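What follows is the content of structure.txt (compact mmCIF, C-alpha atoms).
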```
# COMPACT_ATOMS: atom_id res chain seq x y z
CA MET A 227 -0.64 6.46 5.33
CA ILE A 228 -2.81 4.73 5.13
CA ARG A 229 -3.30 2.33 2.59
CA PRO A 230 -3.52 -0.96 2.27
CA ARG A 231 -1.78 -2.89 1.91
CA PHE A 232 -0.46 -2.11 2.97
CA ALA A 233 -1.39 -0.15 1.73
CA ARG A 234 -5.05 3.21 0.93
CA SER A 235 -12.21 8.99 -1.97
CA VAL A 236 -13.36 12.08 -2.13
CA ALA A 237 -15.10 13.56 0.83
CA ALA A 238 -18.29 11.52 0.41
CA ALA A 239 -19.75 9.16 -2.08
CA VAL A 240 -19.35 10.80 -5.46
CA ALA A 241 -22.17 13.26 -6.03
CA PHE A 242 -24.79 12.35 -8.58
CA VAL A 243 -23.57 13.48 -11.96
CA THR A 244 -24.65 13.22 -15.56
CA LEU A 245 -22.52 10.49 -17.06
CA SER A 246 -21.32 9.91 -20.58
CA SER A 247 -19.53 6.78 -21.68
CA LEU A 248 -16.79 5.94 -24.14
CA ALA A 249 -16.04 2.37 -25.16
CA VAL A 250 -12.47 1.24 -24.70
CA ALA A 251 -10.77 -2.12 -25.07
CA CYS A 252 -9.70 -3.84 -21.88
CA SER A 253 -8.16 -7.29 -21.72
CA GLY A 254 -10.01 -8.25 -24.85
CA SER A 255 -13.40 -7.01 -23.67
CA SER A 256 -15.26 -3.72 -23.82
CA ASP A 257 -15.36 -1.50 -20.77
CA GLU A 258 -16.75 1.96 -20.26
CA VAL A 259 -14.79 5.06 -19.43
CA VAL A 260 -17.23 7.07 -17.36
CA LYS A 261 -17.04 10.85 -17.41
CA THR A 262 -18.79 13.53 -15.43
CA ALA A 263 -20.88 16.23 -17.08
CA ASP A 264 -17.89 18.57 -17.05
CA GLY A 265 -15.63 16.02 -18.75
CA LYS A 266 -13.68 14.58 -15.82
CA THR A 267 -12.75 10.90 -15.98
CA VAL A 268 -14.27 8.87 -13.14
CA LEU A 269 -11.87 6.40 -11.51
CA ARG A 270 -13.41 3.52 -9.60
CA TYR A 271 -11.35 2.27 -6.67
CA GLU A 272 -11.39 0.49 -3.32
CA GLY A 273 -10.50 2.20 -0.07
CA SER A 274 -9.68 1.11 3.47
CA THR A 275 -12.07 1.34 6.42
CA GLY A 276 -11.13 4.00 8.95
CA GLN A 277 -8.16 5.16 6.87
CA VAL A 278 -7.48 7.65 4.10
CA ILE A 279 -5.51 6.58 1.05
CA TYR A 280 -3.37 9.10 -0.81
CA PRO A 281 -5.70 9.56 -3.80
CA GLU A 282 -8.49 10.42 -1.36
CA LEU A 283 -6.24 12.97 0.30
CA ALA A 284 -5.33 14.39 -3.12
CA ALA A 285 -9.00 14.82 -3.97
CA ASP A 286 -9.68 16.62 -0.70
CA LEU A 287 -6.68 18.91 -1.21
CA GLY A 288 -7.95 19.83 -4.68
CA TYR A 289 -4.94 18.37 -6.50
CA PHE A 290 -6.92 16.66 -9.29
CA ASN A 291 -7.94 18.59 -12.39
CA ASP A 292 -9.15 15.94 -14.84
CA VAL A 293 -10.27 13.01 -12.68
CA GLU A 294 -12.89 12.30 -10.05
CA LEU A 295 -12.83 9.34 -7.67
CA ASN A 296 -15.66 6.83 -7.24
CA TRP A 297 -15.32 4.70 -4.12
CA ILE A 298 -16.96 1.29 -4.66
CA GLY A 299 -16.06 -0.32 -1.34
CA ASP A 300 -13.16 -1.29 0.90
CA THR A 301 -10.56 -4.03 0.78
CA THR A 302 -7.80 -5.38 3.03
CA SER A 303 -6.15 -7.46 0.29
CA GLY A 304 -3.49 -5.94 -1.94
CA PRO A 305 -3.39 -8.89 -4.40
CA GLN A 306 -7.18 -8.71 -4.75
CA SER A 307 -6.97 -4.94 -5.23
CA ILE A 308 -4.57 -5.17 -8.18
CA GLN A 309 -6.44 -8.17 -9.59
CA ASN A 310 -9.60 -6.06 -9.62
CA ALA A 311 -7.74 -3.33 -11.49
CA ALA A 312 -6.30 -5.86 -13.95
CA THR A 313 -9.75 -7.28 -14.73
CA GLY A 314 -11.45 -3.91 -15.10
CA GLN A 315 -13.54 -3.96 -11.93
CA THR A 316 -11.66 -0.85 -10.81
CA GLU A 317 -9.38 1.57 -12.62
CA PHE A 318 -6.49 1.38 -10.15
CA GLY A 319 -5.42 -0.77 -7.26
CA GLY A 320 -2.50 -1.04 -4.90
CA ALA A 321 -0.38 -3.86 -3.51
CA PHE A 322 2.99 -5.00 -2.31
CA ASN A 323 5.51 -4.90 -5.15
CA GLY A 324 6.17 -8.64 -4.92
CA ALA A 325 2.48 -9.25 -5.65
CA VAL A 326 2.64 -6.76 -8.53
CA VAL A 327 5.64 -8.60 -10.01
CA LYS A 328 3.87 -11.97 -9.65
CA LEU A 329 0.76 -10.69 -11.40
CA ALA A 330 2.83 -9.16 -14.19
CA SER A 331 4.85 -12.35 -14.58
CA ALA A 332 1.59 -14.25 -15.09
CA GLY A 333 0.92 -12.07 -18.13
CA SER A 334 -1.33 -9.44 -16.63
CA PRO A 335 -0.77 -6.14 -18.50
CA ILE A 336 -0.38 -3.75 -15.56
CA THR A 337 2.08 -0.98 -14.74
CA SER A 338 3.00 0.56 -11.39
CA VAL A 339 2.79 4.35 -11.55
CA ILE A 340 3.51 5.54 -8.00
CA GLY A 341 4.68 4.20 -4.63
CA TYR A 342 2.14 4.48 -1.83
CA TYR A 343 3.33 2.64 1.26
CA GLY A 344 6.50 1.43 2.92
CA SER A 345 8.51 1.47 6.12
CA ASP A 346 10.78 3.83 7.98
CA LYS A 347 11.88 4.33 11.58
CA GLU A 348 8.44 5.62 12.57
CA SER A 349 6.14 3.66 10.26
CA PHE A 350 6.80 -0.05 9.91
CA ASN A 351 5.27 -3.50 10.28
CA GLY A 352 6.26 -5.61 13.25
CA TYR A 353 5.83 -9.30 14.00
CA TYR A 354 4.84 -9.85 17.63
CA VAL A 355 4.29 -12.63 20.15
CA LEU A 356 2.89 -12.53 23.66
CA ASP A 357 5.37 -11.65 26.39
CA ASP A 358 5.23 -15.16 27.86
CA SER A 359 5.41 -16.92 24.50
CA PRO A 360 8.10 -19.63 24.21
CA ILE A 361 8.88 -18.35 20.72
CA LYS A 362 12.32 -16.73 20.79
CA SER A 363 13.83 -17.61 17.41
CA ALA A 364 12.88 -18.49 13.87
CA LYS A 365 13.18 -22.24 14.59
CA ASP A 366 10.57 -21.85 17.31
CA LEU A 367 8.07 -20.89 14.59
CA ILE A 368 8.13 -24.32 12.99
CA GLY A 369 4.60 -25.70 13.34
CA LYS A 370 3.27 -22.36 14.61
CA LYS A 371 0.73 -19.91 13.14
CA VAL A 372 1.50 -16.40 11.90
CA GLY A 373 -1.49 -14.12 11.33
CA MET A 374 -1.49 -11.55 8.52
CA ASN A 375 -3.99 -9.61 6.43
CA THR A 376 -3.58 -11.62 3.22
CA LEU A 377 -1.38 -14.23 1.60
CA GLY A 378 0.88 -13.72 -1.40
CA ALA A 379 1.69 -10.17 -0.39
CA HIS A 380 3.98 -8.03 1.75
CA HIS A 381 3.75 -9.90 5.04
CA GLU A 382 4.18 -13.37 3.57
CA PHE A 383 7.27 -12.28 1.64
CA VAL A 384 8.80 -10.54 4.66
CA VAL A 385 8.14 -13.46 7.02
CA ARG A 386 9.66 -15.95 4.57
CA GLU A 387 12.65 -13.67 4.02
CA TRP A 388 13.27 -13.38 7.77
CA LEU A 389 12.97 -17.14 8.25
CA ALA A 390 15.46 -17.73 5.43
CA ARG A 391 17.91 -15.18 6.83
CA GLN A 392 17.65 -16.91 10.21
CA GLY A 393 18.82 -20.16 8.65
CA LEU A 394 15.64 -22.16 8.18
CA THR A 395 15.59 -24.57 5.24
CA PRO A 396 12.86 -24.36 2.56
CA ASP A 397 11.20 -27.45 4.08
CA GLU A 398 11.25 -25.90 7.55
CA ILE A 399 9.81 -22.64 6.22
CA LYS A 400 6.92 -24.58 4.69
CA GLN A 401 6.03 -25.83 8.17
CA VAL A 402 5.33 -22.29 9.40
CA GLU A 403 1.59 -21.83 8.93
CA LEU A 404 0.45 -18.47 7.57
CA ILE A 405 -3.12 -17.53 8.55
CA VAL A 406 -5.31 -14.79 7.09
CA VAL A 407 -6.67 -12.50 9.81
CA PRO A 408 -8.22 -9.05 9.18
CA PRO A 409 -5.97 -6.29 10.61
CA VAL A 410 -8.66 -5.14 13.03
CA ASN A 411 -8.83 -8.65 14.54
CA THR A 412 -5.14 -9.60 14.54
CA GLU A 413 -4.29 -8.37 18.03
CA GLN A 414 -7.33 -10.08 19.51
CA ALA A 415 -6.50 -13.34 17.71
CA LEU A 416 -3.00 -13.26 19.23
CA ARG A 417 -4.20 -12.52 22.75
CA GLN A 418 -6.81 -15.29 22.54
CA GLY A 419 -4.26 -17.84 21.34
CA GLN A 420 -5.75 -18.34 17.89
CA ILE A 421 -2.39 -17.44 16.33
CA ASP A 422 1.16 -17.50 17.69
CA VAL A 423 2.56 -14.43 15.91
CA ALA A 424 0.66 -11.29 14.95
CA THR A 425 1.56 -9.03 12.06
CA LEU A 426 0.88 -5.48 13.24
CA GLY A 427 1.48 -2.20 11.45
CA SER A 428 0.80 1.50 11.86
CA VAL A 429 -2.19 2.26 14.06
CA PHE A 430 -2.90 -1.39 14.81
CA ARG A 431 0.64 -1.90 16.09
CA ASP A 432 0.77 1.23 18.22
CA SER A 433 -2.62 0.69 19.84
CA ALA A 434 -1.73 -2.95 20.59
CA LEU A 435 1.61 -1.98 22.13
CA GLU A 436 -0.10 0.61 24.29
CA ARG A 437 -2.14 -2.17 25.84
CA GLY A 438 1.07 -4.06 26.61
CA GLY A 439 1.91 -7.72 26.92
CA LEU A 440 3.56 -8.08 23.50
CA ARG A 441 7.13 -8.78 22.46
CA GLU A 442 8.71 -7.94 19.09
CA LEU A 443 10.35 -10.71 17.06
CA PHE A 444 11.44 -8.54 14.12
CA THR A 445 10.22 -5.77 11.79
CA ASP A 446 10.31 -5.21 8.05
CA GLU A 447 12.33 -2.05 8.66
CA SER A 448 14.97 -4.13 10.43
CA LEU A 449 15.30 -6.21 7.25
CA PHE A 450 15.25 -3.56 4.54
CA GLY A 451 15.53 -0.15 6.20
CA SER A 452 13.59 2.82 4.79
CA PHE A 453 11.92 1.32 1.77
CA THR A 454 8.79 1.72 -0.36
CA TYR A 455 7.08 -1.66 -0.51
CA GLY A 456 3.93 -1.06 -2.51
CA THR A 457 2.74 0.71 -5.63
CA LEU A 458 -0.51 1.73 -7.31
CA VAL A 459 -1.14 0.16 -10.69
CA PHE A 460 -3.25 0.75 -13.80
CA ARG A 461 -3.92 -1.55 -16.74
CA ASP A 462 -1.62 -0.88 -19.66
CA ASP A 463 -4.49 -0.45 -22.12
CA TYR A 464 -6.16 2.03 -19.76
CA ILE A 465 -2.98 4.08 -19.55
CA ALA A 466 -2.61 4.08 -23.33
CA GLN A 467 -6.16 5.22 -23.94
CA ASN A 468 -6.54 7.59 -20.97
CA LYS A 469 -3.06 9.01 -20.61
CA GLU A 470 -4.17 12.48 -19.52
CA ALA A 471 -6.38 11.04 -16.79
CA VAL A 472 -3.62 8.77 -15.48
CA ALA A 473 -1.12 11.64 -15.59
CA ASP A 474 -3.50 13.83 -13.59
CA PHE A 475 -4.11 11.06 -11.08
CA VAL A 476 -0.40 10.48 -10.53
CA GLN A 477 0.54 14.14 -10.24
CA GLY A 478 -2.24 14.75 -7.72
CA THR A 479 -1.45 11.66 -5.68
CA ALA A 480 2.28 12.45 -5.74
CA ARG A 481 1.58 15.95 -4.42
CA ALA A 482 -0.63 14.51 -1.66
CA ILE A 483 2.17 12.17 -0.61
CA ARG A 484 4.59 15.08 -0.67
CA TRP A 485 2.14 17.13 1.39
CA THR A 486 2.34 14.54 4.17
CA GLN A 487 6.12 14.36 3.79
CA THR A 488 6.51 18.11 4.33
CA HIS A 489 3.76 19.03 6.81
CA PRO A 490 3.64 18.59 10.60
CA ARG A 491 2.16 15.36 11.92
CA GLU A 492 -0.58 17.21 13.78
CA GLU A 493 -1.72 18.94 10.60
CA VAL A 494 -1.81 15.66 8.69
CA ILE A 495 -3.84 13.96 11.41
CA ALA A 496 -6.32 16.83 11.48
CA LYS A 497 -6.80 16.66 7.71
CA LEU A 498 -7.26 12.87 7.66
CA THR A 499 -9.76 13.07 10.52
CA SER A 500 -11.72 15.75 8.71
CA ILE A 501 -11.90 13.64 5.55
CA ILE A 502 -13.23 10.59 7.40
CA ASN A 503 -15.79 12.66 9.31
CA SER A 504 -17.10 14.27 6.13
CA ARG A 505 -17.48 11.26 3.84
CA GLY A 506 -20.32 9.54 5.68
CA ARG A 507 -19.14 5.92 5.78
CA ASN A 508 -19.89 5.35 9.48
CA GLU A 509 -16.21 4.99 10.40
CA ASP A 510 -14.27 5.47 13.60
CA THR A 511 -11.51 8.09 13.47
CA LYS A 512 -9.59 7.05 16.59
CA LEU A 513 -7.00 5.04 14.65
CA ILE A 514 -5.95 8.12 12.69
CA SER A 515 -4.47 9.63 15.85
CA TYR A 516 -1.76 6.98 15.68
CA TRP A 517 -0.51 8.13 12.26
CA LYS A 518 3.21 8.94 12.51
CA SER A 519 4.78 9.33 9.07
CA PRO A 520 4.08 8.65 5.38
CA GLY A 521 6.36 5.61 5.25
CA VAL A 522 7.08 6.34 1.57
CA ALA A 523 10.79 6.54 0.80
CA GLY A 524 10.85 8.54 -2.43
CA PRO A 525 9.65 12.15 -2.73
CA GLY A 526 6.06 12.10 -3.89
CA GLY A 527 6.13 8.33 -4.21
CA THR A 528 8.75 8.10 -6.95
CA ILE A 529 9.71 4.48 -7.60
CA THR A 530 13.26 3.13 -7.78
CA ASP A 531 14.64 0.08 -9.57
CA THR A 532 15.65 -1.48 -6.24
CA GLU A 533 12.08 -1.35 -4.92
CA ILE A 534 11.08 -3.63 -7.81
CA SER A 535 14.26 -5.64 -8.47
CA THR A 536 14.37 -6.84 -4.84
CA TRP A 537 11.20 -8.85 -5.44
CA ILE A 538 12.09 -9.94 -8.96
CA ASP A 539 15.29 -11.41 -7.49
CA TRP A 540 13.39 -12.93 -4.56
CA LEU A 541 10.87 -14.69 -6.82
CA THR A 542 13.67 -15.88 -9.10
CA ARG A 543 15.64 -17.36 -6.19
CA ASN A 544 12.55 -19.16 -4.97
CA GLY A 545 11.81 -20.67 -8.36
CA GLU A 546 8.62 -18.69 -8.89
CA LEU A 547 9.96 -16.57 -11.75
CA GLU A 548 12.13 -17.51 -14.70
CA GLU A 549 15.49 -15.76 -14.55
CA GLY A 550 15.64 -12.81 -16.90
CA LYS A 551 11.92 -12.87 -17.67
CA LEU A 552 11.29 -9.46 -16.14
CA LYS A 553 13.31 -6.35 -15.40
CA PRO A 554 12.20 -3.37 -13.26
CA SER A 555 11.41 -1.18 -16.27
CA ASP A 556 8.85 -3.79 -17.36
CA ILE A 557 6.95 -3.21 -14.14
CA TYR A 558 6.91 0.52 -13.39
CA THR A 559 7.12 4.03 -14.76
CA ASN A 560 7.85 7.42 -13.19
CA GLU A 561 6.75 9.17 -16.37
CA PHE A 562 3.79 10.88 -14.75
CA ASN A 563 5.31 11.73 -11.37
CA PRO A 564 6.17 15.46 -11.17
CA TYR A 565 9.02 14.74 -8.72
CA ALA A 566 10.68 12.43 -11.26
CA ASN A 567 9.83 13.90 -14.67
CA GLY A 568 11.30 17.36 -14.14
CA THR A 569 8.08 19.21 -13.33
CA TYR A 570 9.13 19.71 -9.71
CA SER A 571 12.45 19.40 -7.96
CA PRO A 572 12.58 16.27 -5.77
CA ASP A 573 13.37 18.63 -2.88
CA SER A 574 10.30 20.82 -3.39
CA GLY A 575 6.97 20.85 -1.60
CA ALA A 576 3.48 19.83 -2.68
CA ASP A 577 3.15 22.77 -5.08
CA GLY A 578 6.72 22.69 -6.35
CA GLN A 579 7.81 25.39 -3.93
CA ALA A 580 10.99 25.40 -1.88
CA LEU A 581 10.58 23.40 1.30
CA GLU A 582 11.14 26.47 3.45
CA ALA A 583 7.99 27.92 1.93
CA ALA A 584 6.12 24.62 2.28
CA LYS A 585 6.60 24.31 6.04
```
Show me the file's structure as structure tokens.
Amino acid sequence: MIRPRFARSVAAAVAFVTLSSLAVACSGSSDEVVKTADGKTVLRYEGSTGQVIYPELAADLGYFNDVELNWIGDTTSGPQSIQNAATGQTEFGGAFNGAVVKLASAGSPITSVIGYYGSDKESFNGYYVLDDSPIKSAKDLIGKKVGMNTLGAHHEFVVREWLARQGLTPDEIKQVELIVVPPVNTEQALRQGQIDVATLGSVFRDSALERGGLRELFTDESLFGSFTYGTLVFRDDYIAQNKEAVADFVQGTARAIRWTQTHPREEVIAKLTSIINSRGRNEDTKLISYWKSPGVAGPGGTITDTEISTWIDWLTRNGELEEGKLKPSDIYTNEFNPYANGTYSPDSGADGQALEAAK
């Protein structure tokens, strides 16, 4: 899907409703928990232009019982998304797990509740140069520019990991310049020579490759295989005080992820296109046709220790995190995910049914 980022509303702006408010504590200040007239908890969030994130799909599929989504705008930055959740500007956000670990290590009280994006053989992020580029190896990147959607997140970590695996020293890695370029402009920036390497994923990668003239340096899938890279987070105090709402959000989102994992590609594309057409945000749906697979490793977005510990270890090795300060269980929980807590079998479909019945 369809994130964010990596990463990722209901079918239009939330309908006008009668609101009631409850005061709750958040990071030492007072925030409001907004509810609809029928008692549903309203969750503010940021989406992604021209894409459908899993909570939006869950809402359209009718998988939420106790929550209603309120889209407040779009973002292309995972770190900013989770920062907004941590500071109470939104109820949930999503980012690369390395960024989640860094924010948690800085003392931000957040918890990952479900995986929402990653890589597999069909859905991955590639790092591309022009066909006639002199860049052939990691050493050729010294002094060159690599364009990506944001810094301090998935692409920066993956690029630095690849450079290190290719034998570059820390000082050499520092000489590779990382440039922020919006995903919709990355291909153009590469072709116009504004950057030397373009980070391209999902629909942006496939549409760029169709136009030709690009050469792959490496991919994140070639480094880590099938792997969930990013999670959705809530503030700890919000979870404690709105546990039923968070549980409903996670179960619905997990079922939406599982729906895409167990339904034909054509059916998923049709559903995503319908959602974009119906929500009235003046978006183009052509990128949705390039959707290939969920790119989420675990059934329904269940999180594994390795998906978190990989980045704890990475930050520790690079001197950005004190050894032993954090462990995976400090960062995430599968408590609310029906495919991890015993509600559904991990092998079942979106409604807990046997996969044969789900197809």
Mind running stretch 339-444 of chain A against stretch 316-325 of chain A at 7 Å and telling me each contacting residue's nearest atom pair with the distance in Å (one decimal), counting only C-alpha atoms, chain and number ascending, as CSV?
```
residue,atom,partner,partner_atom,distance
A:Gly378,CA,A:Ala325,CA,6.4
A:Ala379,CA,A:Ala325,CA,5.4
A:His380,CA,A:Phe322,CA,5.2
```
query: With only C-alpha atoms as the atoms that count, which of A:Ala434, A:Met374, A:Val293, A:Ile361 lies nearest to A:Asp474?
result: A:Val293
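Among A:Gly524, A:Asp292, A:Arg461, A:Pro360, the residue with the shortest atom-to-atom distance to A:Gln309, counting all atoms listed in the file, is A:Arg461.
One finds atom CA of A:Ala473 at 27.5 Å from atom CA of A:Pro490.
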task: Dig up all the protein and nucleic acid residues within 10 Å of (-2.3, 9.4, -6.5) in the file frame, using all atoms listed in the file, and format them as a PyMOL selection string.
output: chain A and resi 279-285+289-290+318+339-342+458+472-483+526-527+563
query: What is the atom CA of A:Asp286-atom CA of A:Ser500 distance in Å, reported with one decimal?
result: 9.7 Å
- request: Check the smallest atom-to-atom distance from each of A:Ala466, A:Lys371, A:Gly456, A:Thr395 to A:Ala424 using only C-alpha atoms, then report the winner.
  value: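 Nearest to A:Ala424: A:Lys371.
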message: Using all atoms listed in the file, which protein or nucleic acid residues come within 8 Å of stretch 362-366 of chain A? Drop anything in the same chain fewer than 5 positions from it, and give the result as a list in words.
response: Trp388, Leu389, Gln392, Leu394 and Leu443 of chain A
message: Here is a test: counting only C-alpha atoms, which residue of A:Ala471, A:Lys370, A:Tyr354, A:Glu403 is nearest to A:Arg417?
response: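 Among the listed residues, A:Tyr354 lies closest to A:Arg417.
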message: Could you check the closest approach to A:Phe562 for each of A:Thr313, A:Thr532, A:Thr262, A:Thr337 and tell me which residue wins, using only C-alpha atoms?
response: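 Result for the nearest residue to A:Phe562: A:Thr337.
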message: Could you check which residues have any atom within 12 Å of (11.6, 3.9, 12.9), counting only C-alpha atoms with coordinates taken straight from the file, and then list them as a PyMOL selection string?
response: chain A and resi 344-352+427-428+445-448+450-453+518-521
statement: Of A:Glu493, A:Thr267, A:Gln420, A:Gly276, the one nearest to A:Leu356 when counting all atoms listed in the file is A:Gln420
message: Which residues are near A:Ala332? Cut-off 12 Å, all atoms listed in the file, ignore same chain within fewer than 6 positions. Put them as number ranges by chain.
response: A: 309, 312, 325-326, 546-548, 551-552
- prompt: Hey, can you check how far atom CA of A:Phe430 sits from atom CA of A:Leu367?
  reply: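 Separation between atom CA of A:Phe430 and atom CA of A:Leu367: 22.4 Å.
The environment of A:Ile529 within 9 Å, counting only C-alpha atoms and disregarding residues fewer than 6 places along the same chain, consists of Ser338, Val339, Ile340, Gly341, Thr454, Thr457, Ala523, Tyr558, Thr559, Asn560 and Ala566 of chain A.
For A:Leu513, the residues within 8 Å (counting all atoms listed in the file, excluding itself and residues fewer than 2 positions away along the chain) are A:Gly276, A:Gln277, A:Val429, A:Phe430, A:Asp510, A:Thr511, A:Ser515, A:Tyr516, A:Trp517.
Within 6 Å of A:Ala576, once all atoms listed in the file are used and residues closer than 2 positions along the same chain are dropped, the contacting residues are Arg481, Arg484, Trp485 and Gly578 of chain A.
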Store the residues picked out above in a file with C-alpha atoms, as a PDB file, in the frame of the given file.
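Listed below is the output, out.pdb:
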```
ATOM      1  CA  ARG A 481       1.580  15.950  -4.420  1.00  0.00           C
ATOM      2  CA  ARG A 484       4.590  15.080  -0.670  1.00  0.00           C
ATOM      3  CA  TRP A 485       2.140  17.130   1.390  1.00  0.00           C
ATOM      4  CA  GLY A 578       6.720  22.690  -6.350  1.00  0.00           C
TER       5      GLY A 578
END
```
